[in-house]
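Okay, structure first, notes after.
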Amino acid sequence: MFGHFDLSVIVDALPYLFAEGMVFTLTLTALAASGGIVLGTGLALLRLSGVPGLTHAAKFYVELMRALPLVLVIFWFYFLVPYLGAWAIGAATPIQVGAFASALVTFTLFEAAYFSEIVRAGIQSIPKGQSAAARALGMSYAQTMRLVVLPQAFRNMLPLLLTQTIVLFQDTSLVYVLSLTDFLGAASKVAQRDGRLVEMYLFAALVYFAVCFAASLLVRRLQARTAIVR
Amino acid sequence: MTSDPGTSAPQPAAAGGPMIAIEAVSKWYGEVRVLSGCSTAVTRGEVVVVCGPSGSGKSTLLKCVNALEPFQEGQITVDGTRVRDRATNLPRLRARVGMVFQHFELFPHLSVIDNLTLAPRKVLGRSREAAVRRGLDLLARVGLSAHAQKHPGQLSGGQQQRVAIARALAMDPVVMLFDEPTSALDPEMVGEVLDVMVELARDGMTMMVVTHEMGFARKVADRVVFMDRGEIVEDVPKDTFFDRPRSERAQQFLSKILAH
C-alpha cells in the first residue's frame, strides 16, 4: 500500500490542516490549560485549607473527575449542560451551548482535577518554615500564598504542568465526538474525502510527535533554568 | 561594635509596662503537654536569653509569642496586645515582632534586597524607593551591602542569617525574637551572626533569644530563663544564673554546656 504514497495530498491539505485544525487544537489546549491551572490552584488551596468541609469537597471533585473517562465527561457536559443551565436561570427550554464552549468547559473542569494534584504537591514541597517566615513578617494567608509559597511552588512544578498540558494537547482530539474539527479531525476528513488514510494518519502522527517532542525538550530546558538555588 | 555602649541606649528599661508578658501559658500537642504554666516577662530594652535542654519547650514558647504556635491556656501580651484573643489582628501584631529562624527561611526566589523589601511594601504599604533605601541601610549595618542583588542560595549560612536579621529589622519591630539563630551554622560563622546580635542588643533592642550560646548570654543578656520539660525552672539575672544557679537541673545543664 505504500507504493502509492502520495505526498501531494498532504501538501494540498496543509492550509486546511493547520489554519483550521491546528489553530483549533492549540486554542482549545491553551484556554483549557490556563483555566485548568487557575481552577486547579483553587482546588489545591481548598484541599489544603484545613477546613474539613472544603477539603472534602475538593477531594471528592478531584477523585470523581479522575475516575471518569474523558469521553464520558465530554458527552455528559454536552448533553447535560444545556439543561443544567436552563434550570439554573429558570428558562423553560434548554439553553444553547455551542460545541466549542461545551468542550472548553469540559476540558477545563476535567484538567483542573489533574492540575490540582500537581499544584497540591508543589505547594507541599515548599518547606513549612517559608510560610512561617512570611506570617512572622505580618503577611496574611493570601499574601503568604501569593507572594511566597505559590511563586516557589510554580517554579518547582512548571515541568509537570507543561507535561500535563502536552497530555491535554493530545486529548483534545477527543472533540471529534462533538463533531468539532481539531487537527486530527481535519486530517481525518481529508483522508476520507480523498481516500488517503495512510498518508493523512501518518502525517497527523508525525505532527503530534513533532509538537510533543519539541514541547518536552522545552520542558527539560525550563527545568534546568528555573531551578531555585537553595 | 559600639566602643561606648553607654551613649547608645535610646530606650530605658523602665519605659512603660513589659514589652512581652507571658502569664501561665500551657500548651498541649494532643495529650502531650509541652508547656506547663510558663510565666515571665521581657521589659523594654531588655535582652532575655532562654536556654535549656532540647525538647524543653523553649522554641515552642518563643513561637507562642507571635502566635506562630497556638496555646490553650494562659495569656501572652505583646506591647499591650493580647495574643490569644479572637479580636486580635495577628498579622498586624506579627508585623511589629521581628523573628529570626534557626534555618534562616529567606525567600529563595527573591534577591536579597527583595527579601528585605517585600513585607515592608506589601504589609506596611511603603513605597519601593523607601523600602529599598531602608533595606540598603540595614544591609550596610549587617555588613552585606555588596550582596543586595544576589539570591540567598549564593550566600553562606552566616551571611544568610545576617540577611534574615536585616529582613526582620526592615519592619521596624518593637521586639525581636531569635529561635536558635546560630545552631544551624558552621562553627566559623557563628561569630559574625552573634556580633550583629550583640550590636543590636547594645543599640537597645528588646530581644528574646533562644540559644545555647552561653558566651552571648554572658555578654549581653540581662536575664536568663532556664526551661526544662516545658517548665520555666529559673528566671533570674544573668550573673545569678551563671554564678549561683539555684535548681539542680540548671546546675546540671550548665556543667554540661560549659564543660567543653
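Naming scheme: A, B, ... for chains in displayed order of the C-alpha cells; residues 1 onward per chain; ligands 1 onward as shown.
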
Check: which chain A residues lie within 10 Å of chain B using only C-alpha atoms, as a PDB file with C-alpha atoms, in the first residue's frame:
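Heads up, here's the output in selection.pdb:
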```pdb
ATOM      1  CA  PRO A 127       9.143  23.900  53.479  1.00  0.00           C
ATOM      2  CA  LYS A 128       6.745  24.930  56.273  1.00  0.00           C
ATOM      3  CA  GLY A 129       9.353  27.405  57.507  1.00  0.00           C
ATOM      4  CA  GLN A 130       8.746  29.540  54.412  1.00  0.00           C
ATOM      5  CA  SER A 131       5.130  30.240  55.284  1.00  0.00           C
ATOM      6  CA  ALA A 132       6.088  30.634  58.954  1.00  0.00           C
ATOM      7  CA  ALA A 133       8.625  33.290  57.927  1.00  0.00           C
ATOM      8  CA  ALA A 134       6.063  35.059  55.747  1.00  0.00           C
ATOM      9  CA  ARG A 135       3.470  35.055  58.508  1.00  0.00           C
ATOM     10  CA  ALA A 136       6.061  36.207  61.046  1.00  0.00           C
ATOM     11  CA  LEU A 137       6.578  39.252  58.799  1.00  0.00           C
ATOM     12  CA  GLY A 138       2.896  40.098  59.142  1.00  0.00           C
ATOM     13  CA  MET A 139       1.644  38.684  55.853  1.00  0.00           C
ATOM     14  CA  SER A 140      -1.923  37.434  55.642  1.00  0.00           C
ATOM     15  CA  TYR A 141      -2.685  33.889  54.458  1.00  0.00           C
ATOM     16  CA  GLN A 143      -0.195  37.238  50.826  1.00  0.00           C
ATOM     17  CA  LEU A 147       3.977  36.225  47.340  1.00  0.00           C
ATOM     18  CA  VAL A 148       5.975  33.420  48.940  1.00  0.00           C
ATOM     19  CA  VAL A 149       4.575  29.909  48.558  1.00  0.00           C
ATOM     20  CA  PRO A 151       5.823  31.562  43.203  1.00  0.00           C
ATOM     21  CA  GLN A 152       8.230  28.923  44.512  1.00  0.00           C
ATOM     22  CA  ARG A 155       8.735  27.129  39.649  1.00  0.00           C
ATOM     23  CA  THR A 226      14.043  27.709  36.694  1.00  0.00           C
ATOM     24  CA  ALA A 227      15.568  25.523  39.378  1.00  0.00           C
ATOM     25  CA  ILE A 228      15.949  27.595  42.544  1.00  0.00           C
ATOM     26  CA  VAL A 229      19.323  27.516  44.168  1.00  0.00           C
ATOM     27  CA  ARG A 230      18.746  26.695  47.833  1.00  0.00           C
TER      28      ARG A 230
END
```

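Interatomic distance, atom CA of Trp28 of chain B to atom CA of Ala87 of chain B: 22.7 Å.
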
For segment 98-196 of chain A versus segment 19-32 of chain A, which residues have an atom no more than 8 Å away, and what is each residue's nearest atom pair and distance in Å rounded to one decimal, using only C-alpha atoms, chain-then-number order, as a tab-separated table?
```
residue	atom	partner	partner_atom	distance
A:Leu104	CA	A:Ala32	CA	6.0
A:Val105	CA	A:Ala32	CA	7.6
A:Phe107	CA	A:Ala32	CA	5.7
A:Thr108	CA	A:Ala32	CA	4.6
A:Glu111	CA	A:Ala32	CA	7.5
A:Thr165	CA	A:Thr29	CA	7.3
A:Leu168	CA	A:Thr29	CA	6.4
A:Phe169	CA	A:Thr29	CA	5.4
A:Thr172	CA	A:Thr25	CA	6.5
A:Ser173	CA	A:Thr25	CA	7.6
A:Thr181	CA	A:Gly21	CA	6.0
A:Asp182	CA	A:Gly21	CA	4.3
A:Phe183	CA	A:Gly21	CA	3.7
A:Leu184	CA	A:Gly21	CA	7.1
A:Gly185	CA	A:Gly21	CA	7.1
A:Ala186	CA	A:Gly21	CA	5.4
A:Ala187	CA	A:Gly21	CA	7.9
```

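For the atom pair formed by atom CA of Ser26 of chain B and atom CA of Glu73 of chain B, the distance is 4.9 Å, given to one decimal.
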
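The protein and nucleic acid residues lying at most 9 Å from segment 49-55 of chain B are Val34, Leu62, Met207, Met208, Val209, Val210, Thr211, His212, Glu213, Met214, Phe216, Ala217, Ala221, Asp222, Arg223, Val224, Val225, Phe226, Met227, Asp228, Arg229, Gly230, Lys238, Ala250 and Phe253 of chain B, with only C-alpha atoms considered and sequence neighbours fewer than 5 positions away removed.
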
DSSP helix (DSSP H, G or I) selection over segment 37-176 of chain B, as a PDB file with N, CA, C and O atoms, in the first residue's frame:
```pdb
ATOM      1  N   LYS B  58      11.514  25.528  74.751  1.00  0.00           N
ATOM      2  CA  LYS B  58      11.915  26.932  74.653  1.00  0.00           C
ATOM      3  C   LYS B  58      11.548  27.533  73.285  1.00  0.00           C
ATOM      4  O   LYS B  58      11.032  28.649  73.231  1.00  0.00           O
ATOM      5  N   SER B  59      11.775  26.793  72.204  1.00  0.00           N
ATOM      6  CA  SER B  59      11.388  27.303  70.880  1.00  0.00           C
ATOM      7  C   SER B  59       9.874  27.418  70.773  1.00  0.00           C
ATOM      8  O   SER B  59       9.349  28.363  70.176  1.00  0.00           O
ATOM      9  N   THR B  60       9.171  26.444  71.342  1.00  0.00           N
ATOM     10  CA  THR B  60       7.707  26.479  71.300  1.00  0.00           C
ATOM     11  C   THR B  60       7.182  27.714  72.015  1.00  0.00           C
ATOM     12  O   THR B  60       6.294  28.410  71.507  1.00  0.00           O
ATOM     13  N   LEU B  61       7.755  28.004  73.187  1.00  0.00           N
ATOM     14  CA  LEU B  61       7.323  29.185  73.938  1.00  0.00           C
ATOM     15  C   LEU B  61       7.570  30.456  73.124  1.00  0.00           C
ATOM     16  O   LEU B  61       6.715  31.339  73.040  1.00  0.00           O
ATOM     17  N   LEU B  62       8.727  30.505  72.459  1.00  0.00           N
ATOM     18  CA  LEU B  62       9.056  31.678  71.654  1.00  0.00           C
ATOM     19  C   LEU B  62       8.038  31.862  70.523  1.00  0.00           C
ATOM     20  O   LEU B  62       7.612  32.981  70.243  1.00  0.00           O
ATOM     21  N   LYS B  63       7.660  30.743  69.894  1.00  0.00           N
ATOM     22  CA  LYS B  63       6.723  30.838  68.773  1.00  0.00           C
ATOM     23  C   LYS B  63       5.308  31.152  69.234  1.00  0.00           C
ATOM     24  O   LYS B  63       4.471  31.565  68.425  1.00  0.00           O
ATOM     25  N   CYS B  64       5.034  30.952  70.523  1.00  0.00           N
ATOM     26  CA  CYS B  64       3.730  31.360  71.056  1.00  0.00           C
ATOM     27  C   CYS B  64       3.639  32.879  71.140  1.00  0.00           C
ATOM     28  O   CYS B  64       2.550  33.448  71.066  1.00  0.00           O
ATOM     29  N   VAL B  65       4.796  33.535  71.299  1.00  0.00           N
ATOM     30  CA  VAL B  65       4.791  34.988  71.492  1.00  0.00           C
ATOM     31  C   VAL B  65       4.218  35.702  70.271  1.00  0.00           C
ATOM     32  O   VAL B  65       3.460  36.658  70.397  1.00  0.00           O
ATOM     33  N   LEU B  90      -3.816  39.212  64.136  1.00  0.00           N
ATOM     34  CA  LEU B  90      -2.492  38.589  64.279  1.00  0.00           C
ATOM     35  C   LEU B  90      -1.471  39.085  63.261  1.00  0.00           C
ATOM     36  O   LEU B  90      -0.323  39.349  63.623  1.00  0.00           O
ATOM     37  N   PRO B  91      -1.836  39.211  61.967  1.00  0.00           N
ATOM     38  CA  PRO B  91      -0.841  39.751  61.037  1.00  0.00           C
ATOM     39  C   PRO B  91      -0.301  41.105  61.484  1.00  0.00           C
ATOM     40  O   PRO B  91       0.897  41.374  61.386  1.00  0.00           O
ATOM     41  N   ARG B  92      -1.193  41.962  62.015  1.00  0.00           N
ATOM     42  CA  ARG B  92      -0.743  43.282  62.453  1.00  0.00           C
ATOM     43  C   ARG B  92       0.209  43.167  63.653  1.00  0.00           C
ATOM     44  O   ARG B  92       1.203  43.874  63.738  1.00  0.00           O
ATOM     45  N   LEU B  93      -0.120  42.245  64.551  1.00  0.00           N
ATOM     46  CA  LEU B  93       0.756  42.016  65.700  1.00  0.00           C
ATOM     47  C   LEU B  93       2.125  41.516  65.237  1.00  0.00           C
ATOM     48  O   LEU B  93       3.173  42.016  65.653  1.00  0.00           O
ATOM     49  N   ARG B  94       2.106  40.518  64.333  1.00  0.00           N
ATOM     50  CA  ARG B  94       3.369  39.919  63.889  1.00  0.00           C
ATOM     51  C   ARG B  94       4.229  40.912  63.131  1.00  0.00           C
ATOM     52  O   ARG B  94       5.459  40.814  63.131  1.00  0.00           O
ATOM     53  N   ALA B  95       3.590  41.879  62.458  1.00  0.00           N
ATOM     54  CA  ALA B  95       4.343  42.864  61.700  1.00  0.00           C
ATOM     55  C   ALA B  95       5.233  43.696  62.628  1.00  0.00           C
ATOM     56  O   ALA B  95       6.216  44.280  62.184  1.00  0.00           O
ATOM     57  N   VAL B 112      18.303  39.310  47.572  1.00  0.00           N
ATOM     58  CA  VAL B 112      18.474  39.736  48.960  1.00  0.00           C
ATOM     59  C   VAL B 112      17.676  41.016  49.233  1.00  0.00           C
ATOM     60  O   VAL B 112      16.917  41.098  50.198  1.00  0.00           O
ATOM     61  N   ILE B 113      17.802  41.993  48.333  1.00  0.00           N
ATOM     62  CA  ILE B 113      17.112  43.269  48.593  1.00  0.00           C
ATOM     63  C   ILE B 113      15.597  43.079  48.520  1.00  0.00           C
ATOM     64  O   ILE B 113      14.842  43.669  49.294  1.00  0.00           O
ATOM     65  N   ASP B 114      15.132  42.196  47.620  1.00  0.00           N
ATOM     66  CA  ASP B 114      13.689  41.932  47.561  1.00  0.00           C
ATOM     67  C   ASP B 114      13.202  41.203  48.812  1.00  0.00           C
ATOM     68  O   ASP B 114      12.061  41.387  49.237  1.00  0.00           O
ATOM     69  N   ASN B 115      14.052  40.368  49.383  1.00  0.00           N
ATOM     70  CA  ASN B 115      13.704  39.736  50.654  1.00  0.00           C
ATOM     71  C   ASN B 115      13.458  40.791  51.725  1.00  0.00           C
ATOM     72  O   ASN B 115      12.566  40.656  52.553  1.00  0.00           O
ATOM     73  N   LEU B 116      14.276  41.843  51.672  1.00  0.00           N
ATOM     74  CA  LEU B 116      14.174  42.892  52.693  1.00  0.00           C
ATOM     75  C   LEU B 116      13.014  43.850  52.447  1.00  0.00           C
ATOM     76  O   LEU B 116      12.539  44.484  53.384  1.00  0.00           O
ATOM     77  N   THR B 117      12.587  43.974  51.196  1.00  0.00           N
ATOM     78  CA  THR B 117      11.575  44.991  50.897  1.00  0.00           C
ATOM     79  C   THR B 117      10.168  44.420  50.734  1.00  0.00           C
ATOM     80  O   THR B 117       9.199  45.173  50.764  1.00  0.00           O
ATOM     81  N   LEU B 118      10.060  43.097  50.572  1.00  0.00           N
ATOM     82  CA  LEU B 118       8.749  42.509  50.281  1.00  0.00           C
ATOM     83  C   LEU B 118       7.704  42.858  51.344  1.00  0.00           C
ATOM     84  O   LEU B 118       6.657  43.445  51.038  1.00  0.00           O
ATOM     85  N   ALA B 119       7.998  42.499  52.598  1.00  0.00           N
ATOM     86  CA  ALA B 119       6.999  42.734  53.645  1.00  0.00           C
ATOM     87  C   ALA B 119       6.787  44.223  53.927  1.00  0.00           C
ATOM     88  O   ALA B 119       5.641  44.659  54.072  1.00  0.00           O
ATOM     89  N   PRO B 120       7.856  45.047  53.999  1.00  0.00           N
ATOM     90  CA  PRO B 120       7.596  46.483  54.198  1.00  0.00           C
ATOM     91  C   PRO B 120       6.670  47.062  53.128  1.00  0.00           C
ATOM     92  O   PRO B 120       5.814  47.895  53.428  1.00  0.00           O
ATOM     93  N   ARG B 121       6.825  46.599  51.879  1.00  0.00           N
ATOM     94  CA  ARG B 121       5.956  47.120  50.815  1.00  0.00           C
ATOM     95  C   ARG B 121       4.552  46.552  50.916  1.00  0.00           C
ATOM     96  O   ARG B 121       3.564  47.272  50.867  1.00  0.00           O
ATOM     97  N   LYS B 122       4.462  45.233  51.034  1.00  0.00           N
ATOM     98  CA  LYS B 122       3.143  44.596  50.954  1.00  0.00           C
ATOM     99  C   LYS B 122       2.361  44.657  52.262  1.00  0.00           C
ATOM    100  O   LYS B 122       1.144  44.632  52.254  1.00  0.00           O
ATOM    101  N   ARG B 128       8.342  51.516  47.071  1.00  0.00           N
ATOM    102  CA  ARG B 128       9.515  50.721  46.732  1.00  0.00           C
ATOM    103  C   ARG B 128      10.798  51.472  47.075  1.00  0.00           C
ATOM    104  O   ARG B 128      11.725  50.914  47.654  1.00  0.00           O
ATOM    105  N   GLU B 129      10.813  52.787  46.747  1.00  0.00           N
ATOM    106  CA  GLU B 129      12.034  53.569  46.985  1.00  0.00           C
ATOM    107  C   GLU B 129      12.368  53.602  48.473  1.00  0.00           C
ATOM    108  O   GLU B 129      13.510  53.372  48.872  1.00  0.00           O
ATOM    109  N   ALA B 130      11.364  53.886  49.280  1.00  0.00           N
ATOM    110  CA  ALA B 130      11.594  53.972  50.724  1.00  0.00           C
ATOM    111  C   ALA B 130      12.053  52.625  51.268  1.00  0.00           C
ATOM    112  O   ALA B 130      12.982  52.556  52.089  1.00  0.00           O
ATOM    113  N   ALA B 131      11.409  51.561  50.792  1.00  0.00           N
ATOM    114  CA  ALA B 131      11.754  50.226  51.292  1.00  0.00           C
ATOM    115  C   ALA B 131      13.176  49.850  50.881  1.00  0.00           C
ATOM    116  O   ALA B 131      13.930  49.278  51.673  1.00  0.00           O
ATOM    117  N   VAL B 132      13.550  50.191  49.636  1.00  0.00           N
ATOM    118  CA  VAL B 132      14.898  49.862  49.170  1.00  0.00           C
ATOM    119  C   VAL B 132      15.944  50.666  49.948  1.00  0.00           C
ATOM    120  O   VAL B 132      16.980  50.131  50.363  1.00  0.00           O
ATOM    121  N   ARG B 133      15.651  51.949  50.170  1.00  0.00           N
ATOM    122  CA  ARG B 133      16.593  52.786  50.921  1.00  0.00           C
ATOM    123  C   ARG B 133      16.842  52.186  52.304  1.00  0.00           C
ATOM    124  O   ARG B 133      17.974  52.020  52.739  1.00  0.00           O
ATOM    125  N   ARG B 134      15.752  51.872  52.981  1.00  0.00           N
ATOM    126  CA  ARG B 134      15.866  51.299  54.329  1.00  0.00           C
ATOM    127  C   ARG B 134      16.583  49.937  54.257  1.00  0.00           C
ATOM    128  O   ARG B 134      17.435  49.626  55.090  1.00  0.00           O
ATOM    129  N   GLY B 135      16.237  49.151  53.241  1.00  0.00           N
ATOM    130  CA  GLY B 135      16.850  47.833  53.092  1.00  0.00           C
ATOM    131  C   GLY B 135      18.348  47.930  52.910  1.00  0.00           C
ATOM    132  O   GLY B 135      19.116  47.171  53.520  1.00  0.00           O
ATOM    133  N   LEU B 136      18.792  48.891  52.082  1.00  0.00           N
ATOM    134  CA  LEU B 136      20.230  49.043  51.846  1.00  0.00           C
ATOM    135  C   LEU B 136      20.944  49.508  53.107  1.00  0.00           C
ATOM    136  O   LEU B 136      22.053  49.065  53.406  1.00  0.00           O
ATOM    137  N   ASP B 137      20.283  50.394  53.872  1.00  0.00           N
ATOM    138  CA  ASP B 137      20.852  50.816  55.161  1.00  0.00           C
ATOM    139  C   ASP B 137      21.103  49.617  56.063  1.00  0.00           C
ATOM    140  O   ASP B 137      22.161  49.482  56.677  1.00  0.00           O
ATOM    141  N   LEU B 138      20.080  48.759  56.134  1.00  0.00           N
ATOM    142  CA  LEU B 138      20.181  47.605  57.026  1.00  0.00           C
ATOM    143  C   LEU B 138      21.237  46.616  56.540  1.00  0.00           C
ATOM    144  O   LEU B 138      21.960  46.020  57.338  1.00  0.00           O
ATOM    145  N   LEU B 139      21.321  46.464  55.208  1.00  0.00           N
ATOM    146  CA  LEU B 139      22.352  45.572  54.669  1.00  0.00           C
ATOM    147  C   LEU B 139      23.739  46.088  55.035  1.00  0.00           C
ATOM    148  O   LEU B 139      24.634  45.320  55.379  1.00  0.00           O
ATOM    149  N   ALA B 140      23.891  47.412  54.980  1.00  0.00           N
ATOM    150  CA  ALA B 140      25.175  48.003  55.377  1.00  0.00           C
ATOM    151  C   ALA B 140      25.438  47.711  56.848  1.00  0.00           C
ATOM    152  O   ALA B 140      26.563  47.393  57.244  1.00  0.00           O
ATOM    153  N   ARG B 141      24.396  47.785  57.635  1.00  0.00           N
ATOM    154  CA  ARG B 141      24.539  47.572  59.073  1.00  0.00           C
ATOM    155  C   ARG B 141      24.996  46.150  59.388  1.00  0.00           C
ATOM    156  O   ARG B 141      25.743  45.928  60.336  1.00  0.00           O
ATOM    157  N   SER B 145      26.400  44.958  52.163  1.00  0.00           N
ATOM    158  CA  SER B 145      25.985  45.871  51.099  1.00  0.00           C
ATOM    159  C   SER B 145      26.276  45.324  49.707  1.00  0.00           C
ATOM    160  O   SER B 145      25.518  45.529  48.767  1.00  0.00           O
ATOM    161  N   ALA B 146      27.362  44.603  49.580  1.00  0.00           N
ATOM    162  CA  ALA B 146      27.782  44.138  48.258  1.00  0.00           C
ATOM    163  C   ALA B 146      26.889  43.030  47.717  1.00  0.00           C
ATOM    164  O   ALA B 146      26.992  42.656  46.558  1.00  0.00           O
ATOM    165  N   HIS B 147      26.007  42.495  48.562  1.00  0.00           N
ATOM    166  CA  HIS B 147      25.260  41.302  48.156  1.00  0.00           C
ATOM    167  C   HIS B 147      23.786  41.554  47.861  1.00  0.00           C
ATOM    168  O   HIS B 147      23.018  40.608  47.730  1.00  0.00           O
ATOM    169  N   PRO B 152      19.604  34.321  47.871  1.00  0.00           N
ATOM    170  CA  PRO B 152      20.043  33.711  49.133  1.00  0.00           C
ATOM    171  C   PRO B 152      20.933  32.482  48.922  1.00  0.00           C
ATOM    172  O   PRO B 152      21.889  32.284  49.680  1.00  0.00           O
ATOM    173  N   GLY B 153      20.626  31.675  47.906  1.00  0.00           N
ATOM    174  CA  GLY B 153      21.401  30.464  47.674  1.00  0.00           C
ATOM    175  C   GLY B 153      22.863  30.727  47.371  1.00  0.00           C
ATOM    176  O   GLY B 153      23.687  29.817  47.458  1.00  0.00           O
ATOM    177  N   GLN B 154      23.184  31.965  47.003  1.00  0.00           N
ATOM    178  CA  GLN B 154      24.573  32.301  46.680  1.00  0.00           C
ATOM    179  C   GLN B 154      25.360  32.748  47.901  1.00  0.00           C
ATOM    180  O   GLN B 154      26.546  33.047  47.791  1.00  0.00           O
ATOM    181  N   GLY B 157      25.902  30.426  55.019  1.00  0.00           N
ATOM    182  CA  GLY B 157      24.900  30.367  56.086  1.00  0.00           C
ATOM    183  C   GLY B 157      24.920  31.590  56.986  1.00  0.00           C
ATOM    184  O   GLY B 157      23.879  32.160  57.315  1.00  0.00           O
ATOM    185  N   GLY B 158      26.130  32.014  57.355  1.00  0.00           N
ATOM    186  CA  GLY B 158      26.244  33.183  58.225  1.00  0.00           C
ATOM    187  C   GLY B 158      25.715  34.437  57.559  1.00  0.00           C
ATOM    188  O   GLY B 158      25.029  35.249  58.186  1.00  0.00           O
ATOM    189  N   GLN B 159      26.018  34.570  56.266  1.00  0.00           N
ATOM    190  CA  GLN B 159      25.512  35.731  55.531  1.00  0.00           C
ATOM    191  C   GLN B 159      23.991  35.679  55.436  1.00  0.00           C
ATOM    192  O   GLN B 159      23.310  36.694  55.592  1.00  0.00           O
ATOM    193  N   GLN B 160      23.469  34.474  55.175  1.00  0.00           N
ATOM    194  CA  GLN B 160      22.017  34.346  55.073  1.00  0.00           C
ATOM    195  C   GLN B 160      21.338  34.738  56.382  1.00  0.00           C
ATOM    196  O   GLN B 160      20.310  35.416  56.379  1.00  0.00           O
ATOM    197  N   GLN B 161      21.926  34.324  57.512  1.00  0.00           N
ATOM    198  CA  GLN B 161      21.287  34.647  58.780  1.00  0.00           C
ATOM    199  C   GLN B 161      21.371  36.146  59.058  1.00  0.00           C
ATOM    200  O   GLN B 161      20.451  36.719  59.628  1.00  0.00           O
ATOM    201  N   ARG B 162      22.446  36.783  58.617  1.00  0.00           N
ATOM    202  CA  ARG B 162      22.528  38.237  58.795  1.00  0.00           C
ATOM    203  C   ARG B 162      21.494  38.934  57.927  1.00  0.00           C
ATOM    204  O   ARG B 162      20.877  39.932  58.346  1.00  0.00           O
ATOM    205  N   VAL B 163      21.272  38.408  56.705  1.00  0.00           N
ATOM    206  CA  VAL B 163      20.202  38.971  55.870  1.00  0.00           C
ATOM    207  C   VAL B 163      18.852  38.773  56.558  1.00  0.00           C
ATOM    208  O   VAL B 163      18.004  39.671  56.579  1.00  0.00           O
ATOM    209  N   ALA B 164      18.672  37.602  57.173  1.00  0.00           N
ATOM    210  CA  ALA B 164      17.391  37.319  57.842  1.00  0.00           C
ATOM    211  C   ALA B 164      17.162  38.299  58.995  1.00  0.00           C
ATOM    212  O   ALA B 164      16.035  38.738  59.224  1.00  0.00           O
ATOM    213  N   ILE B 165      18.234  38.641  59.702  1.00  0.00           N
ATOM    214  CA  ILE B 165      18.106  39.623  60.785  1.00  0.00           C
ATOM    215  C   ILE B 165      17.731  40.989  60.195  1.00  0.00           C
ATOM    216  O   ILE B 165      16.829  41.666  60.675  1.00  0.00           O
ATOM    217  N   ALA B 166      18.400  41.351  59.104  1.00  0.00           N
ATOM    218  CA  ALA B 166      18.092  42.629  58.443  1.00  0.00           C
ATOM    219  C   ALA B 166      16.650  42.633  57.936  1.00  0.00           C
ATOM    220  O   ALA B 166      15.949  43.642  58.035  1.00  0.00           O
ATOM    221  N   ARG B 167      16.185  41.489  57.426  1.00  0.00           N
ATOM    222  CA  ARG B 167      14.814  41.404  56.925  1.00  0.00           C
ATOM    223  C   ARG B 167      13.817  41.666  58.054  1.00  0.00           C
ATOM    224  O   ARG B 167      12.818  42.361  57.871  1.00  0.00           O
ATOM    225  N   ALA B 168      14.111  41.080  59.217  1.00  0.00           N
ATOM    226  CA  ALA B 168      13.206  41.299  60.354  1.00  0.00           C
ATOM    227  C   ALA B 168      13.254  42.759  60.802  1.00  0.00           C
ATOM    228  O   ALA B 168      12.221  43.359  61.100  1.00  0.00           O
ATOM    229  N   LEU B 169      14.455  43.343  60.787  1.00  0.00           N
ATOM    230  CA  LEU B 169      14.589  44.746  61.220  1.00  0.00           C
ATOM    231  C   LEU B 169      13.922  45.711  60.249  1.00  0.00           C
ATOM    232  O   LEU B 169      13.519  46.809  60.639  1.00  0.00           O
TER     233      LEU B 169
END
```

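If you look at atom CA of Arg249 of chain B and atom CA of Ile232 of chain B, they are 11.1 Å away from each other.
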
Quiz item: Where in segment 11-235 of chain B does DSSP assign strand (DSSP E), given as number ranges by chain?
Solution: B: 20-29, 32-42, 47-51, 73-78, 81-82, 97-100, 175-179, 207-210, 223-228, 231-235
